[in-house]
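**Student:** Here you go, upload_27.cif (mmCIF, C-alpha atoms and all ligand atoms):
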data_final
loop_
_atom_site.group_PDB
_atom_site.id
_atom_site.type_symbol
_atom_site.label_atom_id
_atom_site.label_comp_id
_atom_site.auth_asym_id
_atom_site.auth_seq_id
_atom_site.Cartn_x
_atom_site.Cartn_y
_atom_site.Cartn_z
ATOM 1 C CA MET A 227 220.848 48.970 106.826
ATOM 2 C CA SER A 228 223.091 48.844 103.815
ATOM 3 C CA SER A 229 222.736 47.445 100.351
ATOM 4 C CA PRO A 230 225.377 46.532 97.747
ATOM 5 C CA MET A 231 224.459 49.847 96.068
ATOM 6 C CA ASP A 232 225.878 51.722 99.099
ATOM 7 C CA MET A 233 229.363 50.476 98.264
ATOM 8 C CA LEU A 234 229.349 51.884 94.729
ATOM 9 C CA PRO A 235 231.279 55.109 94.119
ATOM 10 C CA ARG A 236 229.474 58.427 93.811
ATOM 11 C CA VAL A 237 230.527 61.664 92.147
ATOM 12 C CA GLY A 238 229.573 65.189 93.098
ATOM 13 C CA LEU A 239 229.955 68.479 91.253
ATOM 14 C CA GLY A 240 230.241 71.906 92.849
ATOM 15 C CA TRP A 241 230.510 75.388 91.393
ATOM 16 C CA ASP A 242 230.960 78.828 92.916
ATOM 17 C CA ARG A 243 231.787 82.315 91.755
ATOM 18 C CA HIS A 244 232.648 85.447 93.723
ATOM 19 C CA ALA A 245 233.328 88.969 92.511
ATOM 20 C CA LEU A 246 236.857 90.272 93.042
ATOM 21 C CA ALA A 247 237.372 93.658 94.651
ATOM 22 C CA ALA A 248 240.379 95.754 95.547
ATOM 23 C CA GLY A 249 241.400 95.696 99.173
ATOM 24 C CA GLU A 250 239.605 92.444 100.060
ATOM 25 C CA SER A 251 241.684 89.793 101.787
ATOM 26 C CA CYS A 252 242.387 86.841 99.538
ATOM 27 C CA THR A 253 242.140 83.339 101.003
ATOM 28 C CA LEU A 254 241.941 80.522 98.490
ATOM 29 C CA ALA A 255 241.852 76.849 99.466
ATOM 30 C CA GLY A 256 242.706 78.048 102.964
ATOM 31 C CA VAL A 257 245.920 79.736 101.813
ATOM 32 C CA ASN A 258 246.343 83.458 102.459
ATOM 33 C CA ILE A 259 247.524 85.087 99.248
ATOM 34 C CA ASP A 260 249.114 88.500 99.053
ATOM 35 C CA SER A 261 247.015 90.106 96.311
ATOM 36 C CA PRO A 262 245.687 93.584 95.491
ATOM 37 C CA VAL A 263 242.247 92.014 94.917
ATOM 38 C CA GLY A 264 240.282 89.363 96.752
ATOM 39 C CA PRO A 265 236.900 87.667 96.542
ATOM 40 C CA THR A 266 233.986 89.463 98.183
ATOM 41 C CA GLY A 267 231.522 87.560 100.352
ATOM 42 C CA HIS A 268 229.951 86.968 103.718
ATOM 43 C CA SER A 269 232.276 84.301 105.107
ATOM 44 C CA ASP A 270 235.981 84.453 104.249
ATOM 45 C CA ALA A 271 234.774 84.128 100.621
ATOM 46 C CA ASP A 272 237.037 81.151 99.959
ATOM 47 C CA VAL A 273 235.439 80.284 96.647
ATOM 48 C CA ILE A 274 237.516 77.107 96.230
ATOM 49 C CA LEU A 275 236.358 75.661 99.545
ATOM 50 C CA HIS A 276 232.757 76.664 98.795
ATOM 51 C CA ALA A 277 232.750 74.790 95.463
ATOM 52 C CA LEU A 278 234.469 71.821 97.102
ATOM 53 C CA THR A 279 231.909 71.746 99.939
ATOM 54 C CA ASP A 280 229.032 71.742 97.457
ATOM 55 C CA ALA A 281 230.651 68.905 95.493
ATOM 56 C CA LEU A 282 230.991 66.865 98.701
ATOM 57 C CA LEU A 283 227.428 67.568 99.798
ATOM 58 C CA GLY A 284 226.103 66.892 96.298
ATOM 59 C CA ALA A 285 227.804 63.520 96.067
ATOM 60 C CA GLY A 286 226.370 62.589 99.454
ATOM 61 C CA GLY A 287 222.812 63.508 98.467
ATOM 62 C CA LEU A 288 222.811 66.215 101.135
ATOM 63 C CA ASP A 289 221.550 69.810 101.193
ATOM 64 C CA ASP A 290 223.828 72.390 99.612
ATOM 65 C CA LEU A 291 226.180 74.881 101.236
ATOM 66 C CA GLY A 292 223.741 77.788 101.120
ATOM 67 C CA THR A 293 221.049 75.726 102.847
ATOM 68 C CA LEU A 294 223.246 74.280 105.582
ATOM 69 C CA PHE A 295 225.255 77.476 106.233
ATOM 70 C CA PRO A 296 223.020 80.374 105.119
ATOM 71 C CA ASP A 297 224.828 83.654 104.481
ATOM 72 C CA THR A 298 222.021 85.411 106.370
ATOM 73 C CA ASP A 299 223.213 83.695 109.563
ATOM 74 C CA PRO A 300 225.584 85.992 111.500
ATOM 75 C CA GLN A 301 227.301 82.856 112.812
ATOM 76 C CA TRP A 302 229.020 82.536 109.414
ATOM 77 C CA LYS A 303 230.071 86.164 109.026
ATOM 78 C CA GLY A 304 233.801 86.098 108.365
ATOM 79 C CA ALA A 305 233.817 82.339 109.025
ATOM 80 C CA SER A 306 236.807 80.336 107.930
ATOM 81 C CA SER A 307 235.470 78.173 105.113
ATOM 82 C CA ASP A 308 237.513 75.143 106.153
ATOM 83 C CA GLN A 309 234.726 74.702 108.733
ATOM 84 C CA PHE A 310 232.297 74.052 105.872
ATOM 85 C CA VAL A 311 234.551 71.393 104.352
ATOM 86 C CA ALA A 312 235.049 69.748 107.744
ATOM 87 C CA ALA A 313 231.302 69.794 108.401
ATOM 88 C CA ALA A 314 230.598 68.235 104.992
ATOM 89 C CA VAL A 315 233.206 65.499 105.550
ATOM 90 C CA ALA A 316 231.632 64.763 108.956
ATOM 91 C CA LEU A 317 228.125 64.583 107.458
ATOM 92 C CA LEU A 318 229.402 62.178 104.815
ATOM 93 C CA ALA A 319 231.012 60.016 107.490
ATOM 94 C CA ASP A 320 227.629 59.907 109.244
ATOM 95 C CA SER A 321 226.190 58.633 105.963
ATOM 96 C CA GLY A 322 228.854 55.926 105.649
ATOM 97 C CA LEU A 323 230.735 57.767 102.906
ATOM 98 C CA ARG A 324 234.296 58.996 102.519
ATOM 99 C CA VAL A 325 235.928 61.096 99.855
ATOM 100 C CA ILE A 326 238.543 59.308 97.746
ATOM 101 C CA SER A 327 239.493 61.999 95.221
ATOM 102 C CA ALA A 328 238.875 65.621 94.315
ATOM 103 C CA ASP A 329 239.762 67.799 91.348
ATOM 104 C CA MET A 330 239.162 71.497 90.805
ATOM 105 C CA VAL A 331 239.446 74.114 88.060
ATOM 106 C CA VAL A 332 239.895 77.701 89.226
ATOM 107 C CA ILE A 333 239.195 80.393 86.629
ATOM 108 C CA CYS A 334 240.509 83.887 87.297
ATOM 109 C CA ASP A 335 242.780 86.490 85.726
ATOM 110 C CA GLN A 336 244.106 87.560 89.107
ATOM 111 C CA PRO A 337 245.632 86.719 91.481
ATOM 112 C CA ARG A 338 248.187 84.472 89.805
ATOM 113 C CA LEU A 339 247.668 81.027 91.285
ATOM 114 C CA ALA A 340 250.741 79.163 90.053
ATOM 115 C CA PRO A 341 253.035 80.268 92.910
ATOM 116 C CA HIS A 342 250.434 79.061 95.440
ATOM 117 C CA ARG A 343 249.227 75.897 93.757
ATOM 118 C CA ALA A 344 251.394 73.476 95.744
ATOM 119 C CA ALA A 345 250.379 75.026 99.070
ATOM 120 C CA MET A 346 246.685 75.032 98.102
ATOM 121 C CA ARG A 347 246.870 71.412 97.017
ATOM 122 C CA ALA A 348 248.583 70.369 100.247
ATOM 123 C CA ASN A 349 245.985 72.205 102.298
ATOM 124 C CA LEU A 350 243.109 70.592 100.401
ATOM 125 C CA ALA A 351 244.658 67.141 100.857
ATOM 126 C CA GLN A 352 244.940 67.779 104.586
ATOM 127 C CA LEU A 353 241.335 69.033 104.841
ATOM 128 C CA LEU A 354 240.077 65.953 103.020
ATOM 129 C CA ASN A 355 242.476 63.601 104.815
ATOM 130 C CA LEU A 356 243.786 62.331 101.478
ATOM 131 C CA PRO A 357 247.235 61.754 100.002
ATOM 132 C CA ILE A 358 248.251 64.634 97.780
ATOM 133 C CA ASP A 359 248.018 62.627 94.572
ATOM 134 C CA ARG A 360 244.267 62.235 95.213
ATOM 135 C CA VAL A 361 243.684 65.991 95.174
ATOM 136 C CA ASN A 362 244.321 68.328 92.283
ATOM 137 C CA LEU A 363 243.723 71.912 91.330
ATOM 138 C CA LYS A 364 244.337 73.728 88.059
ATOM 139 C CA GLY A 365 244.368 77.448 87.444
ATOM 140 C CA LYS A 366 242.988 78.933 84.216
ATOM 141 C CA THR A 367 242.739 82.510 83.036
ATOM 142 C CA THR A 368 239.924 83.835 80.880
ATOM 143 C CA GLU A 369 242.502 84.820 78.207
ATOM 144 C CA GLY A 370 240.892 88.227 78.036
ATOM 145 C CA GLY A 371 237.464 86.689 77.522
ATOM 146 C CA GLY A 372 235.401 89.556 78.881
ATOM 147 C CA SER A 373 235.949 92.270 81.425
ATOM 148 C CA ALA A 374 233.198 90.979 83.737
ATOM 149 C CA ALA A 375 234.869 87.570 83.929
ATOM 150 C CA SER A 376 238.211 89.142 84.753
ATOM 151 C CA GLN A 377 236.699 90.732 87.857
ATOM 152 C CA ALA A 378 235.534 87.450 89.317
ATOM 153 C CA ILE A 379 236.886 84.111 90.385
ATOM 154 C CA GLU A 380 235.028 80.957 89.453
ATOM 155 C CA VAL A 381 235.623 77.387 90.615
ATOM 156 C CA HIS A 382 234.410 74.019 89.384
ATOM 157 C CA ALA A 383 235.008 71.102 91.750
ATOM 158 C CA ILE A 384 234.393 67.403 91.333
ATOM 159 C CA VAL A 385 234.779 64.737 93.983
ATOM 160 C CA MET A 386 234.434 60.996 94.196
ATOM 161 C CA LEU A 387 233.130 59.227 97.275
ATOM 162 C CA LYS A 388 232.987 55.630 98.237
ATOM 163 C CA GLY A 389 230.920 53.793 100.788
ATOM 164 C CA VAL A 390 232.711 52.480 103.836
ATOM 165 C CA PRO A 391 231.490 49.524 105.866
ATOM 166 C CA ARG A 392 229.611 50.746 108.929
ATOM 167 C CA ALA A 393 231.396 50.680 112.234
ATOM 168 C CA GLY A 394 230.129 48.000 114.559
ATOM 169 C CA GLY A 395 229.921 45.337 111.885
ATOM 170 C CA CYS A 396 232.063 42.248 112.203
ATOM 171 C CA SER A 397 235.155 42.407 110.076
HETATM 172 ZN ZN ZN A 401 230.924 81.163 97.834
#
What does this structure look like when you write it as structure tokens?
**Tutor:**
Amino acid sequence: MSSPMDMLPRVGLGWDRHALAAGESCTLAGVNIDSPVGPTGHSDADVILHALTDALLGAGGLDDLGTLFPDTDPQWKGASSDQFVAAAVALLADSGLRVISADMVVICDQPRLAPHRAAMRANLAQLLNLPIDRVNLKGKTTEGGGSAASQAIEVHAIVMLKGVPRAGGCS
């Protein structure tokens, strides 16, 4: 069953924030970054992929990351967060939806993201199966706006989805 409404685009917004701590490994957008600090968390704490997953799930009208992959479940301890993105993309496909663009703002004072931006963007494009010009990511610092903020990394992600004709139809 599909209606003309199913073919209209949908947007989704995701947000996540993790504390930064010395000695934690630092994986952002699936890229391992050599940094004295890294995000703390139950999975690999990839805050960019968490925000992106929630944006995807939100746009699809699906349950959020914490509900689908609870951090109380030992299955997700140390999990690579690209699994969450892949699972969300698969759930969207089941719902007749595919992602057509994504944009993210990453707010942190450390690590410095600029040297890694191209690699992160390429990795995100690959995860979402999109050309690179459909995926973007910007780094921002807090400009000294509070010591608490400087010890965390925060990500805002927005995605756009479109409906795809169901397989099995005549075309
Ligand atoms: Zn998270």
**Student:** Please determine, counting all atoms listed in the file, which residue among A:His382, A:His268, A:Arg347, A:Lys366 has the shortest atom-to-atom distance to ligand ZN 401 (chain A).
**Tutor:**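 That would be A:His268, the residue with the smallest distance to ligand ZN 401 (chain A).
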**Student:** Using all atoms listed in the file, which of the listed residues (A:Leu246, A:Ala316, A:Met233, A:Ala328) sits closest to Pro391 of chain A?
**Tutor:**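 Comparing A:Leu246, A:Ala316, A:Met233, A:Ala328 against Pro391 of chain A, the winner is A:Met233.
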**Student:** Have a look at A:Gln336, A:Leu278, A:Gly389, A:Leu323 and name the one nearest to Ala248 of chain A; count all atoms listed in the file.
**Tutor:** A:Gln336
**Student:** Within 6 Å of Glu380 of chain A, counting only C-alpha atoms, which residues show up once you throw out same-chain ones fewer than 3 positions away? Write them as number ranges by chain, please.
**Tutor:** A: 242-243, 332-333
**Student:** Have a look at atom CA of Val361 of chain A and atom CA of Arg236 of chain A and let me know their distance in Å, one decimal.
**Tutor:** 16.2 Å
